[in-house]
Amino acid sequence: MSQFPDIHEYVAVPRVVSLRLSPDGTRLVAVVQSLNPDRSSYGTALWEIPVEAGDAEPYRLTRSAKGEAGAEFTPDGEVLFVSRRPDETVKDNDENVPALWLLPERGEPRRLATRPGGISGVRAAGGTVVYAAGVLPGHAATEEERRKARKDAGISAILHESYPVRFWDHDLGPAQTRLLAGAVRGDVLAGPAGADDVADLTPEPGRALDNASFAVTPDGATVITTWMVPAGDGEVRFELVAFDVAAGAASRRTLAASDGHDFGGPVTVSPDGRYVACSRERLGDQELSTALELWVVDLETGEGRALGGELFPSAIAWAQSSDALYIAADHQGRRPVFRVSLDGDVARLTTDDGAYQELCPAPDGSLYALRSAVDAAARPVRIAPDGSLTHLPSPAPTLDLPGTLTEVTALADDGTEIRGWLVLPAEASAENPAPFLLWIHGGPVASWNDWSWRWNPWIMAKNGYAVLLPDPCLSTGYGQAMIDRGWGDWGPVTHADLMAITDECLKRPEVDEQRIAAMGGSFGGYMANWVAGHTDRFKAIVTHASLWNLDQFAGTTDASMYWQREFGVPGSARYTRLSPHHSLDKITTPMLVIHGDKDYRVPIGEGLRLWWDLQRSGVESKFLYFPDENHWVLKPGNAVVWYETVLAFLSQHVLGTPWTRPSSLA
């Protein structure tokens with residue numbers, strides 16, 4: 001691509017979202033997301049990626065209007081995937097729910113399994129295929145009839161008897177997620193021991209498997225999965241459990257459990273079948289911050305231990321030798337790959353500014369992965385044992401960026417170094433300084449270290465803005481002490497860090513110190529609201545999916561137990577001190593409020609209350625409302641609206657041009 005695309009072209013750029021390597025290391029398959037022909041939605045397809053750089057080009061493996069995702073290799077090198085595509089061999093085929101399909105190395109895909117509630121994920125090893133499916137409580141044989149009866153009666157109600165009830169953007173229930181196991185026999189998935197039907201490993205699990213991460217041991221005999229258990233008073237804990245495939249539900253045993261920790265994904269088993277690795281999260285409280293670590297459990301003894309020190313693993317994969325793991329973890333504004341041995345030695349494998357994910361170790365000791373960065377969208381690479389990179393052909397184009405990326409630092413009040421990335425438009429100079437945007441990341445336990453399709457600073461650079469992406473207190477990749485600095489003290493400490501690095505950037509001659517704005521989403525939106533009530537230095541503030549009234553938010557978010565651990569019960573002093581809405585009378589900066597109605601992490605009530613408070617207080621403001629979007633804005637048309645509205649609002653208040661309603665909303 002010769003130049004960075006405009007907004008309409010940008011939403012149509014193909015995106016590589018996952019990567020899988022065959023067991024013998026000869027085939028690499030990616031899931032690629034691209035704009036559908038109607039240009040109002042995205043679809044996905046499987047692509048084959050050459051395992052070596054050269055003349056070979058990626059080629060598309062699947063084509064259907066419904067798309068394909070969740071690719072996993074069988075031990076024989078065939079590809080399993082999940083899709084709503086129609087099955088031409090079945091009369092009156094139900095296309096409304098995703099089914100499990102198998103794609104041979106040569107030939108057409110064939111449907112292996114369907115469930116009335118659809119199939120959501122699959123793993124395979126040792127001849128065993130395990131998939132997750134939503135199943136109504138009760139006898140499975142009558143489920144299809146019961147679903148139809150519920151639909152015909154116009155019933156959408158869900159009766160809950162435990163917490164939680166929602167997650168990010170979807171309701172939990174009435175179906176329960178179950179794990180079912182079988183083996184491929186001809187054109188169907190049959191029972192693992194010759195039975196006609198697959199084995200239900202987890203009948204009547206309640207909410208235990210909501211959003212579970214699971215894996216199968218190399219011999220196909222055991223399934224390891226995360227398991228949610230109620231802990232009383234609305235609290236839950238996540239454990240790690242194992243099921244024997246042959247024995248079924250009665251064989252469940254707990255591998256890892258702790259009152260002070262959650263065990264989570266990704267779950268992965270060593271090639272020799274001796275160990276399972278996952279993440280272990282320390283549960284914070286009002287004094288103790290949260291912490292994440294790599295956790296390895298001996299499958300025979302249940303003995304577990306932490307490895308990797310203060311690295312927060314976001315991707316985990318076993319070396320083929322089973323004596324070490326590869327993890328990707330935030331580190332100083334990057335996300336490198338580290339090699340962690342079972343002896344505890346930690347070595348950084350990649351040395352560049354990349355952010356790595358989808359780690360796929362090969363039999364020859366190399367590692368395939370997706371590499372992205374603040375200045376690069378995800379593309380497949382091969383990492384040699386010495387850390388050297390080979391960029392592989394990709395189904396997605398390389399984007400020519402409209403500016404440069406510079407690392408910046410500043411000192412906080414307590415002497416801590418605060419670092420970040422500064423995106424400068426190509427035309428910025430001392431003679432032509434660029435207007436400045438402070439972009440505050442979400443989380444708050446997170447970092448600006450990767451490409452973002454949703455909050456892309458290069459679109460702003462194309463429109464002439466310099467963009468600061470800072471990592472203040474609570475950011476990951478700087479050790480536990482950086483998280484401790486802001487734990488339970490979100491607003492004041494984070495604000496001071498943000499102002500310190502903003503001041504440093506505004507000293508640069510190519511940045512205009514007068515024309516400045518601030519933006520943020522989620523926790524970044526909370527901070528945008530906090531900034532609005534604690535300084536009038538910015539010409540405009542954009543707040544997306546933001547927390548406004550903490551006491552209101554605490555009981556309506558989809559995971560109130562996490563919030564209560566750090567802030568205490570609603571109404572306590574910490575809520576009063578840290579809630580942005582208490583500074584409403586000090587807000588004079590024009591604000592653009594953005595919120596999606598399907599956002600269950602930060603419910604729409606926060607946006608509505610903020611909007612009303614600004615309106616009744618006479619603060620110049622606008623409200624961009626998405627009835628069908630969640631915490632993010634995912635539909636291509638809505639993404640265009642989002643960027644165009646933000647740019648129009650900034651143009652009015654930062655550049656001083658008259659307000660023009662975005663053409664996408666005309």
# chains A, B, ... in the order shown; residues from 1 in each chain; ligands from 1

call {"tool": "select_by_dssp", "arguments": {"residues": "range 553-643 of chain A", "states": "helix (DSSP H, G or I)", "output": "number ranges by chain"}}
result
A: 553-554, 560-567, 573-578, 580-586, 604-616, 636-643

call {"tool": "residues_around", "arguments": {"residues": "Glu239 in chain A", "least_positions_apart": "4", "cutoff": "10 Å", "atoms": "only C-alpha atoms", "output": "mmCIF file with C-alpha atoms, in the first residue's frame"}}
result
data_model
loop_
_atom_site.group_PDB
_atom_site.id
_atom_site.type_symbol
_atom_site.label_atom_id
_atom_site.label_comp_id
_atom_site.auth_asym_id
_atom_site.auth_seq_id
_atom_site.Cartn_x
_atom_site.Cartn_y
_atom_site.Cartn_z
ATOM 1 C CA ALA A 208 -18.256 -23.245 35.880
ATOM 2 C CA THR A 225 -9.700 -26.734 31.926
ATOM 3 C CA THR A 226 -10.271 -23.656 34.028
ATOM 4 C CA TRP A 227 -13.271 -24.049 36.341
ATOM 5 C CA MET A 228 -15.207 -21.254 38.058
ATOM 6 C CA VAL A 229 -16.504 -21.966 41.564
ATOM 7 C CA THR A 254 -8.531 -30.302 41.035
ATOM 8 C CA LEU A 255 -5.009 -29.501 39.867
ATOM 9 C CA ALA A 256 -4.692 -25.987 41.243
ATOM 10 C CA ALA A 257 -6.857 -23.996 43.658
ATOM 11 C CA SER A 258 -6.224 -21.130 46.055
ATOM 12 C CA ASP A 259 -8.372 -18.733 48.062
ATOM 13 C CA HIS A 261 -5.536 -16.685 43.399
ATOM 14 C CA ASP A 262 -7.343 -17.290 40.126
ATOM 15 C CA PHE A 263 -5.970 -19.770 37.602
ATOM 16 C CA GLY A 264 -6.622 -18.796 34.004
ATOM 17 C CA ARG A 280 -2.026 -17.476 38.021
#

call {"tool": "closest_residue", "arguments": {"among": "A:Val188, A:Ile49, A:Ala149, A:Ala377", "to": "Arg110 in chain A", "atoms": "only C-alpha atoms"}}
result
A:Val188

call {"tool": "select_by_dssp", "arguments": {"residues": "range 300-336 of chain A", "states": "strand (DSSP E or B)", "output": "number ranges by chain"}}
result
A: 304-307, 313-318, 324-329, 331, 334-335

call {"tool": "residues_around", "arguments": {"residues": "range 213-216 of chain A", "least_positions_apart": "2", "cutoff": "8 Å", "atoms": "only C-alpha atoms", "output": "list in words"}}
result
Arg123, Ala124, Ala125, Thr128, Val130, Asn211, Pro218, Gly220, Ala221, Thr222, Val223, Ile224, Thr225, Thr226, Gly264, Gly265, Pro266, Val267, Thr268 and Val269 of chain A

call {"tool": "residues_around", "arguments": {"residues": "His139 in chain A", "least_positions_apart": "5", "cutoff": "12 Å", "atoms": "only C-alpha atoms", "output": "ChimeraX atom specification"}}
result
/A:144-146,200,203-204

call {"tool": "closest_residue", "arguments": {"among": "A:Ala517, A:Leu240, A:Ile327, A:Ala528", "to": "Leu299 in chain A", "atoms": "only C-alpha atoms"}}
result
A:Leu240

call {"tool": "closest_residue", "arguments": {"among": "A:Ser394, A:Asp6, A:Ala71, A:Leu112", "to": "Asp87 in chain A", "atoms": "only C-alpha atoms"}}
result
A:Leu112

call {"tool": "residues_around", "arguments": {"residues": "Phe243 in chain A", "least_positions_apart": "4", "cutoff": "8 Å", "atoms": "only C-alpha atoms", "output": "PyMOL selection string"}}
result
chain A and resi 201+222-224+247-249+251-253

call {"tool": "closest_residue", "arguments": {"among": "A:Leu438, A:Leu614, A:Arg207, A:Leu359", "to": "Met460 in chain A", "atoms": "only C-alpha atoms"}}
result
A:Leu438

call {"tool": "residues_around", "arguments": {"residues": "Leu349 in chain A", "least_positions_apart": "5", "cutoff": "10 Å", "atoms": "only C-alpha atoms", "output": "list in words"}}
result
Tyr326, Ile327, Ala328, Pro336, Val337, Phe338, Arg339, Val340, Ile383, Ala384, Pro385, Asp386, Gly387 and Ser388 of chain A

call {"tool": "write_last_selection", "arguments": {"atoms": "N, CA and C atoms", "output": "tab-separated table (two decimals), in the first residue's frame"}}
result
chain	number	residue	atom	x	y	z
A	326	TYR	N	7.83	-20.83	26.14
A	326	TYR	CA	7.93	-19.50	25.56
A	326	TYR	C	6.73	-18.70	26.05
A	327	ILE	N	6.99	-17.49	26.47
A	327	ILE	CA	5.89	-16.61	26.85
A	327	ILE	C	6.09	-15.25	26.18
A	328	ALA	N	5.00	-14.59	25.87
A	328	ALA	CA	5.03	-13.19	25.46
A	328	ALA	C	4.54	-12.38	26.64
A	336	PRO	N	7.93	-8.63	24.19
A	336	PRO	CA	8.88	-9.60	23.63
A	336	PRO	C	8.48	-11.04	23.94
A	337	VAL	N	9.20	-11.97	23.31
A	337	VAL	CA	9.11	-13.38	23.63
A	337	VAL	C	10.26	-13.72	24.57
A	338	PHE	N	9.95	-14.42	25.65
A	338	PHE	CA	10.95	-14.90	26.60
A	338	PHE	C	10.95	-16.42	26.61
A	339	ARG	N	12.13	-16.98	26.83
A	339	ARG	CA	12.23	-18.43	27.03
A	339	ARG	C	12.46	-18.68	28.52
A	340	VAL	N	11.54	-19.42	29.13
A	340	VAL	CA	11.60	-19.69	30.57
A	340	VAL	C	11.81	-21.18	30.76
A	383	ILE	N	10.79	-17.10	14.16
A	383	ILE	CA	11.84	-16.68	15.09
A	383	ILE	C	12.82	-17.85	15.26
A	384	ALA	N	14.06	-17.63	14.89
A	384	ALA	CA	15.09	-18.67	15.01
A	384	ALA	C	15.47	-18.84	16.48
A	385	PRO	N	16.11	-19.96	16.84
A	385	PRO	CA	16.52	-20.16	18.23
A	385	PRO	C	17.41	-19.05	18.79
A	386	ASP	N	18.12	-18.34	17.91
A	386	ASP	CA	18.96	-17.24	18.38
A	386	ASP	C	18.21	-15.91	18.43
A	387	GLY	N	16.90	-15.92	18.13
A	387	GLY	CA	16.09	-14.71	18.20
A	387	GLY	C	15.99	-13.94	16.91
A	388	SER	N	16.72	-14.32	15.88
A	388	SER	CA	16.64	-13.60	14.61
A	388	SER	C	15.30	-13.85	13.94

call {"tool": "residues_around", "arguments": {"residues": "Val135 in chain A", "least_positions_apart": "4", "cutoff": "9 Å", "atoms": "only C-alpha atoms", "output": "list in words"}}
result
Arg115, Pro116, Gly117, Gly118, Ala140, Glu143, Pro174, Ala175, Gln176, Thr177, Arg178 and Glu204 of chain A

call {"tool": "write_last_selection", "arguments": {"atoms": "N, CA and C atoms", "output": "JSON list (two decimals), in the first residue's frame"}}
result
[["chain", "number", "residue", "atom", "x", "y", "z"],
["A", 115, "ARG", "N", -24.52, -28.87, 17.34],
["A", 115, "ARG", "CA", -25.29, -28.83, 18.58],
["A", 115, "ARG", "C", -26.38, -27.79, 18.42],
["A", 116, "PRO", "N", -27.54, -27.98, 19.04],
["A", 116, "PRO", "CA", -28.62, -27.00, 18.90],
["A", 116, "PRO", "C", -28.21, -25.59, 19.31],
["A", 117, "GLY", "N", -27.30, -25.50, 20.30],
["A", 117, "GLY", "CA", -26.85, -24.19, 20.76],
["A", 117, "GLY", "C", -25.54, -23.74, 20.15],
["A", 118, "GLY", "N", -25.00, -24.51, 19.22],
["A", 118, "GLY", "CA", -23.76, -24.14, 18.55],
["A", 118, "GLY", "C", -22.52, -24.63, 19.28],
["A", 140, "ALA", "N", -30.05, -33.89, 27.26],
["A", 140, "ALA", "CA", -29.56, -33.38, 25.98],
["A", 140, "ALA", "C", -30.43, -33.83, 24.81],
["A", 143, "GLU", "N", -33.09, -31.31, 23.98],
["A", 143, "GLU", "CA", -32.70, -29.90, 23.98],
["A", 143, "GLU", "C", -33.27, -29.14, 22.77],
["A", 174, "PRO", "N", -29.50, -18.83, 29.18],
["A", 174, "PRO", "CA", -29.79, -19.98, 30.06],
["A", 174, "PRO", "C", -28.94, -21.22, 29.77],
["A", 175, "ALA", "N", -28.25, -21.25, 28.61],
["A", 175, "ALA", "CA", -27.41, -22.41, 28.32],
["A", 175, "ALA", "C", -26.17, -22.42, 29.19],
["A", 176, "GLN", "N", -25.66, -23.62, 29.45],
["A", 176, "GLN", "CA", -24.41, -23.80, 30.18],
["A", 176, "GLN", "C", -23.34, -24.29, 29.22],
["A", 177, "THR", "N", -22.14, -23.74, 29.33],
["A", 177, "THR", "CA", -21.05, -24.25, 28.51],
["A", 177, "THR", "C", -20.61, -25.61, 29.02],
["A", 178, "ARG", "N", -20.54, -26.59, 28.11],
["A", 178, "ARG", "CA", -20.07, -27.94, 28.46],
["A", 178, "ARG", "C", -18.92, -28.32, 27.54],
["A", 204, "GLU", "N", -24.29, -30.69, 33.49],
["A", 204, "GLU", "CA", -24.78, -29.76, 34.52],
["A", 204, "GLU", "C", -23.65, -29.02, 35.23]]

call {"tool": "closest_residue", "arguments": {"among": "A:Gly618, A:Pro570, A:Gly304, A:Gly284", "to": "Asp585 in chain A", "atoms": "only C-alpha atoms"}}
result
A:Gly618

call {"tool": "decode", "arguments": {"residues": "range 527-572 of chain A", "atoms": "C-alpha atoms", "output": "mmCIF file, in the first residue's frame"}}
result
data_model
loop_
_atom_site.group_PDB
_atom_site.id
_atom_site.type_symbol
_atom_site.label_atom_id
_atom_site.label_comp_id
_atom_site.auth_asym_id
_atom_site.auth_seq_id
_atom_site.Cartn_x
_atom_site.Cartn_y
_atom_site.Cartn_z
ATOM 1 C CA MET A 527 -8.927 9.321 33.541
ATOM 2 C CA ALA A 528 -10.263 11.603 30.793
ATOM 3 C CA ASN A 529 -13.145 12.471 33.134
ATOM 4 C CA TRP A 530 -10.714 12.939 36.015
ATOM 5 C CA VAL A 531 -8.488 15.203 33.906
ATOM 6 C CA ALA A 532 -11.541 17.269 32.911
ATOM 7 C CA GLY A 533 -12.307 17.930 36.576
ATOM 8 C CA HIS A 534 -8.735 18.709 37.616
ATOM 9 C CA THR A 535 -7.307 20.935 34.873
ATOM 10 C CA ASP A 536 -8.569 23.288 32.173
ATOM 11 C CA ARG A 537 -5.381 23.151 30.102
ATOM 12 C CA PHE A 538 -6.916 20.989 27.330
ATOM 13 C CA LYS A 539 -9.049 22.467 24.553
ATOM 14 C CA ALA A 540 -11.192 19.324 24.261
ATOM 15 C CA ILE A 541 -11.634 15.935 25.928
ATOM 16 C CA VAL A 542 -12.993 12.732 24.377
ATOM 17 C CA THR A 543 -14.207 10.113 26.866
ATOM 18 C CA HIS A 544 -15.182 6.653 25.585
ATOM 19 C CA ALA A 545 -16.880 3.872 27.634
ATOM 20 C CA SER A 546 -15.905 5.795 30.743
ATOM 21 C CA LEU A 547 -16.452 5.405 34.469
ATOM 22 C CA TRP A 548 -18.116 8.479 35.942
ATOM 23 C CA ASN A 549 -20.008 7.712 39.176
ATOM 24 C CA LEU A 550 -18.006 4.960 40.887
ATOM 25 C CA ASP A 551 -20.619 4.066 43.459
ATOM 26 C CA GLN A 552 -23.203 3.576 40.692
ATOM 27 C CA PHE A 553 -20.746 1.705 38.473
ATOM 28 C CA ALA A 554 -19.549 -0.727 41.138
ATOM 29 C CA GLY A 555 -22.799 -2.687 41.350
ATOM 30 C CA THR A 556 -23.763 -2.603 37.682
ATOM 31 C CA THR A 557 -20.558 -3.718 35.946
ATOM 32 C CA ASP A 558 -20.381 -7.352 34.830
ATOM 33 C CA ALA A 559 -17.717 -8.216 37.423
ATOM 34 C CA SER A 560 -18.472 -6.284 40.600
ATOM 35 C CA MET A 561 -16.355 -8.642 42.706
ATOM 36 C CA TYR A 562 -13.133 -7.439 41.055
ATOM 37 C CA TRP A 563 -14.050 -3.841 41.711
ATOM 38 C CA GLN A 564 -15.013 -4.429 45.332
ATOM 39 C CA ARG A 565 -11.673 -6.070 46.110
ATOM 40 C CA GLU A 566 -9.712 -2.917 45.326
ATOM 41 C CA PHE A 567 -12.220 -0.238 46.295
ATOM 42 C CA GLY A 568 -14.227 -1.850 49.087
ATOM 43 C CA VAL A 569 -18.004 -1.914 49.413
ATOM 44 C CA PRO A 570 -19.916 0.818 47.556
ATOM 45 C CA GLY A 571 -20.298 3.970 49.597
ATOM 46 C CA SER A 572 -16.909 3.707 51.290
#
